[in-house]
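Chemist: What follows is final21.pdb, made up of PDB, C-alpha atoms:
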MODEL        1
ATOM      1  CA  MET A  27     225.179 -49.685 138.274
ATOM      2  CA  SER A  28     224.530 -51.509 141.516
ATOM      3  CA  ASN A  29     223.806 -49.452 144.629
ATOM      4  CA  THR A  30     226.386 -51.517 146.523
ATOM      5  CA  ALA A  31     229.985 -50.642 145.754
ATOM      6  CA  ALA A  32     232.262 -53.495 144.770
ATOM      7  CA  ARG A  33     235.014 -54.575 147.132
ATOM      8  CA  LEU A  34     238.463 -55.847 146.188
ATOM      9  CA  ILE A  35     241.077 -57.256 148.568
ATOM     10  CA  VAL A  36     244.632 -57.986 147.461
ATOM     11  CA  VAL A  37     246.205 -60.673 149.666
ATOM     12  CA  SER A  38     249.994 -60.727 149.503
ATOM     13  CA  GLY A  39     252.960 -61.523 151.680
ATOM     14  CA  LEU A  40     255.735 -63.994 152.303
ATOM     15  CA  SER A  41     255.426 -67.645 151.342
ATOM     16  CA  GLY A  42     254.533 -69.647 154.441
ATOM     17  CA  SER A  43     252.998 -66.677 156.267
ATOM     18  CA  GLY A  44     249.368 -67.763 155.813
ATOM     19  CA  LYS A  45     248.147 -66.264 152.525
ATOM     20  CA  SER A  46     246.274 -69.433 151.566
ATOM     21  CA  ILE A  47     244.505 -69.471 154.922
ATOM     22  CA  ALA A  48     243.488 -65.819 154.463
ATOM     23  CA  LEU A  49     242.068 -66.547 151.012
ATOM     24  CA  ASN A  50     240.179 -69.573 152.349
ATOM     25  CA  VAL A  51     238.573 -67.465 155.087
ATOM     26  CA  LEU A  52     237.574 -64.811 152.559
ATOM     27  CA  GLU A  53     236.148 -67.467 150.244
ATOM     28  CA  ASP A  54     234.076 -68.865 153.122
ATOM     29  CA  ALA A  55     232.799 -65.319 153.707
ATOM     30  CA  GLY A  56     231.491 -65.073 150.144
ATOM     31  CA  PHE A  57     234.426 -63.541 148.284
ATOM     32  CA  ASN A  58     235.303 -64.721 144.798
ATOM     33  CA  CYS A  59     238.972 -65.683 145.334
ATOM     34  CA  ILE A  60     241.736 -65.965 142.755
ATOM     35  CA  ASP A  61     245.175 -67.109 143.892
ATOM     36  CA  ASN A  62     248.444 -66.148 142.197
ATOM     37  CA  LEU A  63     246.787 -63.909 139.601
ATOM     38  CA  PRO A  64     249.306 -62.583 137.029
ATOM     39  CA  LEU A  65     249.745 -58.812 137.253
ATOM     40  CA  HIS A  66     248.613 -58.147 133.684
ATOM     41  CA  LEU A  67     245.345 -59.957 134.445
ATOM     42  CA  PHE A  68     244.940 -57.981 137.663
ATOM     43  CA  GLU A  69     245.344 -54.808 135.628
ATOM     44  CA  THR A  70     242.560 -56.017 133.322
ATOM     45  CA  LEU A  71     240.370 -56.852 136.311
ATOM     46  CA  ALA A  72     240.914 -53.385 137.799
ATOM     47  CA  HIS A  73     240.002 -51.662 134.541
ATOM     48  CA  ASP A  74     236.881 -53.854 134.174
ATOM     49  CA  MET A  75     235.772 -52.943 137.704
ATOM     50  CA  ILE A  76     236.279 -49.239 137.025
ATOM     51  CA  ARG A  77     234.372 -49.439 133.745
ATOM     52  CA  ASP A  78     231.477 -51.570 134.993
ATOM     53  CA  GLN A  79     231.291 -52.851 138.562
ATOM     54  CA  GLU A  80     228.447 -55.207 137.677
ATOM     55  CA  SER A  81     230.690 -57.080 135.236
ATOM     56  CA  VAL A  82     232.673 -58.660 138.099
ATOM     57  CA  ALA A  83     231.883 -60.307 141.417
ATOM     58  CA  PRO A  84     230.835 -57.728 144.054
ATOM     59  CA  MET A  85     233.371 -59.143 146.534
ATOM     60  CA  THR A  86     236.681 -60.255 145.062
ATOM     61  CA  ALA A  87     239.939 -61.308 146.718
ATOM     62  CA  VAL A  88     243.134 -61.770 144.718
ATOM     63  CA  GLY A  89     246.339 -63.453 145.835
ATOM     64  CA  ILE A  90     249.542 -61.939 144.454
ATOM     65  CA  ASP A  91     253.011 -63.138 145.402
ATOM     66  CA  ALA A  92     256.652 -62.777 144.449
ATOM     67  CA  ARG A  93     256.296 -65.049 141.419
ATOM     68  CA  ALA A  94     254.878 -62.029 139.584
ATOM     69  CA  PRO A  95     257.549 -60.165 137.552
ATOM     70  CA  HIS A  96     259.191 -57.822 140.075
ATOM     71  CA  HIS A  97     259.160 -54.878 137.672
ATOM     72  CA  HIS A  98     255.354 -55.189 137.546
ATOM     73  CA  LEU A  99     254.713 -55.289 141.308
ATOM     74  CA  GLY A 100     255.301 -51.543 141.619
ATOM     75  CA  ILE A 101     252.222 -50.753 139.513
ATOM     76  CA  LEU A 102     249.802 -52.378 141.939
ATOM     77  CA  PRO A 103     249.580 -49.543 144.522
ATOM     78  CA  GLY A 104     248.711 -47.140 141.703
ATOM     79  CA  LEU A 105     245.960 -49.456 140.463
ATOM     80  CA  ILE A 106     244.525 -49.640 143.987
ATOM     81  CA  SER A 107     244.480 -45.815 144.116
ATOM     82  CA  ASP A 108     242.630 -45.709 140.783
ATOM     83  CA  LEU A 109     240.042 -48.158 142.097
ATOM     84  CA  ARG A 110     239.484 -46.099 145.238
ATOM     85  CA  GLU A 111     239.073 -42.909 143.219
ATOM     86  CA  ASN A 112     236.296 -44.706 141.351
ATOM     87  CA  HIS A 113     234.533 -45.587 144.630
ATOM     88  CA  ILE A 114     235.562 -49.243 144.681
ATOM     89  CA  HIS A 115     236.499 -50.332 148.192
ATOM     90  CA  SER A 116     240.014 -51.662 147.685
ATOM     91  CA  GLU A 117     242.679 -52.694 150.166
ATOM     92  CA  ILE A 118     245.949 -54.587 150.441
ATOM     93  CA  LEU A 119     246.419 -57.214 153.149
ATOM     94  CA  PHE A 120     250.050 -58.205 153.743
ATOM     95  CA  LEU A 121     251.125 -61.224 155.800
ATOM     96  CA  GLU A 122     254.639 -61.884 157.049
ATOM     97  CA  ALA A 123     256.590 -63.764 159.704
ATOM     98  CA  ASP A 124     260.089 -63.951 161.130
ATOM     99  CA  THR A 125     262.625 -65.711 158.919
ATOM    100  CA  ASP A 126     263.384 -68.458 161.460
ATOM    101  CA  ILE A 127     259.656 -69.184 161.780
ATOM    102  CA  LEU A 128     259.269 -69.425 158.004
ATOM    103  CA  ILE A 129     262.261 -71.768 157.757
ATOM    104  CA  GLN A 130     260.722 -73.959 160.464
ATOM    105  CA  ARG A 131     257.374 -74.071 158.645
ATOM    106  CA  PHE A 132     258.952 -75.057 155.343
ATOM    107  CA  SER A 133     260.969 -77.721 157.144
ATOM    108  CA  GLU A 134     257.874 -79.168 158.825
ATOM    109  CA  THR A 135     255.743 -79.210 155.671
ATOM    110  CA  ARG A 136     258.633 -80.118 153.342
ATOM    111  CA  ARG A 137     257.277 -77.659 150.818
ATOM    112  CA  ARG A 138     259.595 -75.947 148.374
ATOM    113  CA  HIS A 139     259.862 -72.176 148.524
ATOM    114  CA  PRO A 140     258.850 -70.738 145.115
ATOM    115  CA  LEU A 141     262.083 -68.738 144.818
ATOM    116  CA  THR A 142     264.582 -71.407 145.787
ATOM    117  CA  SER A 143     267.011 -72.574 143.137
ATOM    118  CA  LYS A 144     270.235 -74.555 142.835
ATOM    119  CA  GLY A 145     272.299 -71.489 143.665
ATOM    120  CA  GLN A 146     270.042 -70.087 146.414
ATOM    121  CA  ASP A 147     269.102 -71.666 149.740
ATOM    122  CA  LEU A 148     265.884 -71.179 151.686
ATOM    123  CA  GLU A 149     267.077 -68.287 153.848
ATOM    124  CA  GLU A 150     268.353 -66.423 150.779
ATOM    125  CA  ALA A 151     265.052 -67.071 148.977
ATOM    126  CA  ILE A 152     263.090 -65.575 151.880
ATOM    127  CA  ALA A 153     265.344 -62.502 151.922
ATOM    128  CA  ARG A 154     264.882 -62.109 148.164
ATOM    129  CA  GLU A 155     261.117 -62.447 148.526
ATOM    130  CA  ARG A 156     261.016 -59.713 151.186
ATOM    131  CA  GLN A 157     262.885 -57.421 148.829
ATOM    132  CA  LEU A 158     260.621 -58.149 145.838
ATOM    133  CA  LEU A 159     257.425 -57.613 147.828
ATOM    134  CA  GLU A 160     258.536 -54.370 149.458
ATOM    135  CA  PRO A 161     256.285 -52.159 147.249
ATOM    136  CA  LEU A 162     253.223 -54.116 148.376
ATOM    137  CA  ARG A 163     254.323 -54.172 152.000
ATOM    138  CA  ASP A 164     254.790 -50.402 152.017
ATOM    139  CA  ALA A 165     251.367 -49.845 150.439
ATOM    140  CA  ALA A 166     249.476 -52.356 152.618
ATOM    141  CA  ASP A 167     246.442 -51.235 154.612
ATOM    142  CA  LEU A 168     246.800 -54.022 157.149
ATOM    143  CA  HIS A 169     249.942 -55.960 158.109
ATOM    144  CA  ILE A 170     249.623 -59.252 159.964
ATOM    145  CA  ASP A 171     252.673 -60.828 161.565
ATOM    146  CA  THR A 172     251.884 -64.537 161.940
ATOM    147  CA  SER A 173     255.107 -65.467 163.770
ATOM    148  CA  ARG A 174     253.182 -66.164 166.978
ATOM    149  CA  THR A 175     249.783 -66.863 165.431
ATOM    150  CA  ASN A 176     248.286 -70.308 164.920
ATOM    151  CA  ILE A 177     245.818 -71.221 162.174
ATOM    152  CA  HIS A 178     242.738 -70.682 164.334
ATOM    153  CA  GLN A 179     243.887 -67.253 165.533
ATOM    154  CA  LEU A 180     244.701 -66.172 161.981
ATOM    155  CA  ARG A 181     241.279 -67.297 160.782
ATOM    156  CA  GLU A 182     239.636 -65.322 163.585
ATOM    157  CA  LEU A 183     241.695 -62.230 162.766
ATOM    158  CA  ILE A 184     240.914 -62.343 159.027
ATOM    159  CA  SER A 185     237.245 -63.037 159.665
ATOM    160  CA  GLY A 186     236.800 -60.364 162.339
ATOM    161  CA  ALA A 187     238.902 -57.530 160.933
ATOM    162  CA  VAL A 188     238.714 -58.081 157.175
ATOM    163  CA  ALA A 189     235.975 -60.365 155.867
ATOM    164  CA  SER A 190     233.077 -58.930 157.881
ATOM    165  CA  ARG A 191     234.035 -55.279 157.432
ATOM    166  CA  LYS A 192     231.308 -53.370 155.571
ATOM    167  CA  GLY A 193     231.974 -50.731 152.948
ATOM    168  CA  GLU A 194     234.090 -47.844 154.206
ATOM    169  CA  GLU A 195     233.772 -48.859 157.854
ATOM    170  CA  MET A 196     237.141 -48.757 159.600
ATOM    171  CA  SER A 197     238.295 -51.752 161.636
ATOM    172  CA  ILE A 198     240.330 -51.025 164.756
ATOM    173  CA  VAL A 199     242.885 -53.691 165.685
ATOM    174  CA  LEU A 200     244.123 -53.595 169.284
ATOM    175  CA  LYS A 201     247.304 -55.479 170.167
ATOM    176  CA  SER A 202     248.912 -56.150 173.520
ATOM    177  CA  PHE A 203     252.532 -57.281 173.593
ATOM    178  CA  GLY A 204     255.581 -57.635 175.821
ATOM    179  CA  PHE A 205     258.641 -55.506 175.128
ATOM    180  CA  LYS A 206     260.952 -58.255 176.384
ATOM    181  CA  HIS A 207     259.724 -60.469 173.535
ATOM    182  CA  GLY A 208     260.392 -57.839 170.889
ATOM    183  CA  MET A 209     258.666 -54.746 169.574
ATOM    184  CA  THR A 210     255.398 -55.219 167.723
ATOM    185  CA  ARG A 211     255.397 -54.442 164.012
ATOM    186  CA  ASN A 212     253.389 -52.068 161.866
ATOM    187  CA  ALA A 213     251.196 -50.370 164.478
ATOM    188  CA  ASN A 214     249.871 -46.880 163.831
ATOM    189  CA  PHE A 215     250.216 -46.020 167.530
ATOM    190  CA  VAL A 216     252.247 -47.716 170.278
ATOM    191  CA  PHE A 217     251.658 -47.011 173.972
ATOM    192  CA  ASP A 218     254.101 -48.073 176.692
ATOM    193  CA  VAL A 219     252.473 -48.903 180.051
ATOM    194  CA  ARG A 220     255.551 -50.340 181.799
ATOM    195  CA  CYS A 221     255.513 -47.445 184.273
ATOM    196  CA  LEU A 222     252.307 -48.769 185.884
ATOM    197  CA  PRO A 223     252.271 -51.074 188.953
ATOM    198  CA  ASN A 224     253.188 -54.604 187.901
ATOM    199  CA  PRO A 225     250.981 -57.507 189.084
ATOM    200  CA  HIS A 226     253.870 -59.835 188.295
ATOM    201  CA  TRP A 227     255.452 -58.986 191.663
ATOM    202  CA  HIS A 228     252.425 -60.319 193.539
ATOM    203  CA  PRO A 229     252.631 -64.140 193.724
ATOM    204  CA  GLU A 230     248.865 -64.640 193.735
ATOM    205  CA  LEU A 231     248.502 -62.565 190.530
ATOM    206  CA  ARG A 232     251.574 -63.793 188.660
ATOM    207  CA  PRO A 233     249.911 -66.778 186.905
ATOM    208  CA  LEU A 234     246.855 -64.697 185.916
ATOM    209  CA  THR A 235     246.407 -62.319 182.987
ATOM    210  CA  GLY A 236     244.959 -58.870 182.401
ATOM    211  CA  LYS A 237     241.665 -60.552 181.518
ATOM    212  CA  ASP A 238     241.216 -61.841 185.061
ATOM    213  CA  GLU A 239     239.069 -59.914 187.536
ATOM    214  CA  ALA A 240     241.698 -60.069 190.303
ATOM    215  CA  VAL A 241     244.299 -58.384 188.081
ATOM    216  CA  ALA A 242     241.808 -55.758 186.945
ATOM    217  CA  HIS A 243     240.854 -55.050 190.561
ATOM    218  CA  PHE A 244     244.526 -54.679 191.535
ATOM    219  CA  LEU A 245     245.237 -52.226 188.707
ATOM    220  CA  GLU A 246     242.093 -50.185 189.228
ATOM    221  CA  GLN A 247     243.125 -49.441 192.816
ATOM    222  CA  ASN A 248     245.934 -47.250 191.464
ATOM    223  CA  ASP A 249     245.145 -43.721 190.263
ATOM    224  CA  GLU A 250     248.032 -43.840 187.759
ATOM    225  CA  VAL A 251     246.279 -46.639 185.865
ATOM    226  CA  ASP A 252     243.109 -44.577 185.487
ATOM    227  CA  ARG A 253     245.089 -41.516 184.402
ATOM    228  CA  MET A 254     247.018 -43.555 181.831
ATOM    229  CA  PHE A 255     243.827 -45.075 180.436
ATOM    230  CA  HIS A 256     242.151 -41.674 180.285
ATOM    231  CA  ASP A 257     245.112 -40.197 178.389
ATOM    232  CA  ILE A 258     245.250 -43.098 175.911
ATOM    233  CA  ASP A 259     241.488 -42.988 175.392
ATOM    234  CA  THR A 260     241.506 -39.211 174.880
ATOM    235  CA  PHE A 261     244.321 -39.476 172.339
ATOM    236  CA  VAL A 262     242.638 -42.306 170.429
ATOM    237  CA  GLN A 263     239.248 -40.573 170.386
ATOM    238  CA  ARG A 264     240.843 -37.389 169.088
ATOM    239  CA  TRP A 265     242.643 -39.049 166.168
ATOM    240  CA  ILE A 266     240.260 -41.808 165.026
ATOM    241  CA  PRO A 267     238.167 -39.302 163.000
ATOM    242  CA  CYS A 268     241.328 -38.182 161.198
ATOM    243  CA  PHE A 269     242.006 -41.739 160.024
ATOM    244  CA  GLU A 270     238.355 -42.175 159.049
ATOM    245  CA  LYS A 271     238.490 -38.960 157.033
ATOM    246  CA  GLU A 272     241.403 -40.445 155.069
ATOM    247  CA  ARG A 273     239.158 -43.457 154.337
ATOM    248  CA  ARG A 274     241.540 -45.790 156.113
ATOM    249  CA  ALA A 275     240.343 -49.386 156.220
ATOM    250  CA  TYR A 276     242.268 -50.232 159.407
ATOM    251  CA  LEU A 277     243.793 -48.562 162.436
ATOM    252  CA  THR A 278     246.205 -50.635 164.542
ATOM    253  CA  ILE A 279     246.864 -49.618 168.153
ATOM    254  CA  ALA A 280     249.479 -51.499 170.202
ATOM    255  CA  ILE A 281     249.894 -51.411 173.979
ATOM    256  CA  GLY A 282     253.008 -52.907 175.534
ATOM    257  CA  CYS A 283     254.219 -53.801 178.999
ATOM    258  CA  THR A 284     257.228 -55.859 180.094
ATOM    259  CA  GLY A 285     255.905 -59.388 179.571
ATOM    260  CA  GLY A 286     252.651 -58.738 177.722
ATOM    261  CA  GLN A 287     250.586 -60.667 180.268
ATOM    262  CA  HIS A 288     249.001 -58.246 182.742
ATOM    263  CA  ARG A 289     249.050 -54.466 182.237
ATOM    264  CA  SER A 290     248.991 -54.291 178.441
ATOM    265  CA  VAL A 291     246.279 -56.960 178.231
ATOM    266  CA  TYR A 292     244.145 -55.118 180.785
ATOM    267  CA  MET A 293     244.554 -51.777 178.971
ATOM    268  CA  ALA A 294     243.778 -53.283 175.553
ATOM    269  CA  GLU A 295     240.647 -55.014 176.861
ATOM    270  CA  ARG A 296     239.458 -51.865 178.621
ATOM    271  CA  LEU A 297     239.995 -49.820 175.460
ATOM    272  CA  ARG A 298     238.214 -52.489 173.399
ATOM    273  CA  GLN A 299     235.171 -52.250 175.667
ATOM    274  CA  ARG A 300     235.165 -48.451 175.436
ATOM    275  CA  LEU A 301     235.338 -48.467 171.622
ATOM    276  CA  GLU A 302     232.720 -51.199 171.242
ATOM    277  CA  GLU A 303     230.335 -49.190 173.422
ATOM    278  CA  GLN A 304     230.641 -46.479 170.774
ATOM    279  CA  GLY A 305     229.614 -48.951 168.078
ATOM    280  CA  ARG A 306     233.046 -49.310 166.479
ATOM    281  CA  ARG A 307     234.352 -52.507 164.897
ATOM    282  CA  VAL A 308     237.197 -53.705 167.132
ATOM    283  CA  LEU A 309     239.381 -56.800 167.161
ATOM    284  CA  CYS A 310     241.620 -57.342 170.189
ATOM    285  CA  ARG A 311     244.652 -59.632 169.979
ATOM    286  CA  HIS A 312     247.081 -60.491 172.777
ATOM    287  CA  ARG A 313     250.378 -61.557 171.203
ATOM    288  CA  GLU A 314     252.025 -63.121 174.234
ATOM    289  CA  LEU A 315     248.903 -64.945 175.428
ATOM    290  CA  ALA A 316     248.864 -66.786 172.102
TER     291      ALA A 316
ENDMDL
END
Would you put the structure from the file into structure tokens?

Modeler:
Amino acid sequence: MSNTAARLIVVSGLSGSGKSIALNVLEDAGFNCIDNLPLHLFETLAHDMIRDQESVAPMTAVGIDARAPHHHLGILPGLISDLRENHIHSEILFLEADTDILIQRFSETRRRHPLTSKGQDLEEAIARERQLLEPLRDAADLHIDTSRTNIHQLRELISGAVASRKGEEMSIVLKSFGFKHGMTRNANFVFDVRCLPNPHWHPELRPLTGKDEAVAHFLEQNDEVDRMFHDIDTFVQRWIPCFEKERRAYLTIAIGCTGGQHRSVYMAERLRQRLEEQGRRVLCRHRELA
């Protein structure tokens, strides 16, 4: 048997959310990609990998969607667990987006949703698809909401957090967001920094972001900002080893302020720098700046 453990990524999610883009990025990174693989063939693939890892490609990505028989989708999380127990690095990547965004994308591309029929319109098909894919969504290691993500940002996210991850190394995904634009989805931890001084109320800082030196200087003059960062950093440092012990592939940490432009961006960038100094794999994404 090879000294390098095989790696298998299941890419699933809602039609129109970017699954094809994710598979393309993985293929460019050297993965052997198979789109829309029937579940019975995935079961065969899993058993072949368990029996003899050298019989399959060392890096494989498989696309599975709602066209698979719904009564079969529930077996996939169990197969992933079996693979992991046999030391095969396996994970589920799930992509989704808001319904209105998906409707807009289908309208622009004029593509037909795979579940639409004469008696079911597009919105009903999307709702049905969400329901069918719920077992995979619940079991996913990493959720990506592409509602506010363009193609280039999605490629960067897949490449940085997924494709280049080695073995059992855990990727940490940092997100900044604005509460007034809606709560972020599927984060392991969410920190609220709205209590900190807001650069928005200073006209010279309003058009800037938390990445700008002037905003950072303004925030760092306040002791509350340092105390908040210290508390977040202490909490994160304490619990990262727990997630690593569980062999988690990803840890998602979200930081929110009112608009998602100044305070949350600054905190996420500062935490990114701290974690990278420790040699951790970190990807930082600012939802509202997109």

Chemist: Near Glu117 in chain A, within 8 Å and counting all atoms listed in the file, which residues show up once chain neighbours fewer than 2 positions away are dropped, as a PyMOL selection string?

Modeler: chain A and resi 34-36+106+115+119+166-167+275

Chemist: Rank A:Lys237, A:His169, A:Arg137, A:His243 by their smallest atom-to-atom distance to Ser38 in chain A, using all atoms listed in the file, and report the top residue only.

Modeler: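 Looking only at the distances to Ser38 in chain A, the closest residue turns out to be A:His169.
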
Chemist: Expanded to explicit residues, what is the PyMOL selection byres ((chain A and resi 180) around 12) for this file, as a VMD selection string?

Modeler: chain A and resid 43 to 52 121 to 122 170 to 179 181 to 188 309 311 313 316

Chemist: Using only C-alpha atoms for the distances, tell me which of A:Ala72, A:Ala83, A:Leu158, A:Leu148 is nearest to Thr125 in chain A.

Modeler: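 Ranking A:Ala72, A:Ala83, A:Leu158, A:Leu148 by distance to Thr125 in chain A, first place goes to A:Leu148.
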
Chemist: Box time for range 58-64 of chain A: axis-aligned, enclosing all its listed atoms, 4 Å extra on each side; report centre and edge lengths in Å to one decimal, as JSON.

Modeler:
{"center_x": 242.3, "center_y": -64.8, "center_z": 141.2, "size_x": 22.0, "size_y": 12.5, "size_z": 16.3}

Chemist: Tell me which residues the PyMOL selection byres ((chain A and resi 247-257) around 12) grabs here, as a ChimeraX atom specification.

Modeler: /A:217-225,240-246,258-264,281,289-290,292-298,300

Chemist: Could you list, as JSON, numbers by chain, every residue within 12 Å of Ser41 in chain A, counting all atoms listed in the file and ignoring same-chain residues fewer than 5 positions away?

Modeler: {"A": [46, 47, 62, 89, 90, 91, 92, 93, 120, 121, 122, 123, 124, 125, 127, 128, 129, 131, 132, 137, 138, 139, 140, 141, 142, 148, 149, 151, 152, 153, 154, 155, 156, 159, 172]}

Chemist: Exactly which residues make up the result of the PyMOL selection byres ((chain A and resi 107) around 12) on this file, given as an mmCIF file with C-alpha atoms, in the frame of the given file?

Modeler:
data_model
loop_
_atom_site.group_PDB
_atom_site.id
_atom_site.type_symbol
_atom_site.label_atom_id
_atom_site.label_comp_id
_atom_site.auth_asym_id
_atom_site.auth_seq_id
_atom_site.Cartn_x
_atom_site.Cartn_y
_atom_site.Cartn_z
ATOM 1 C CA LEU A 34 238.463 -55.847 146.188
ATOM 2 C CA ALA A 72 240.914 -53.385 137.799
ATOM 3 C CA ILE A 76 236.279 -49.239 137.025
ATOM 4 C CA ILE A 101 252.222 -50.753 139.513
ATOM 5 C CA LEU A 102 249.802 -52.378 141.939
ATOM 6 C CA PRO A 103 249.580 -49.543 144.522
ATOM 7 C CA GLY A 104 248.711 -47.140 141.703
ATOM 8 C CA LEU A 105 245.960 -49.456 140.463
ATOM 9 C CA ILE A 106 244.525 -49.640 143.987
ATOM 10 C CA ASP A 108 242.630 -45.709 140.783
ATOM 11 C CA LEU A 109 240.042 -48.158 142.097
ATOM 12 C CA ARG A 110 239.484 -46.099 145.238
ATOM 13 C CA GLU A 111 239.073 -42.909 143.219
ATOM 14 C CA ASN A 112 236.296 -44.706 141.351
ATOM 15 C CA HIS A 113 234.533 -45.587 144.630
ATOM 16 C CA ILE A 114 235.562 -49.243 144.681
ATOM 17 C CA HIS A 115 236.499 -50.332 148.192
ATOM 18 C CA SER A 116 240.014 -51.662 147.685
ATOM 19 C CA GLU A 117 242.679 -52.694 150.166
ATOM 20 C CA ILE A 118 245.949 -54.587 150.441
ATOM 21 C CA ALA A 165 251.367 -49.845 150.439
ATOM 22 C CA ALA A 166 249.476 -52.356 152.618
ATOM 23 C CA ASP A 167 246.442 -51.235 154.612
ATOM 24 C CA ARG A 273 239.158 -43.457 154.337
#
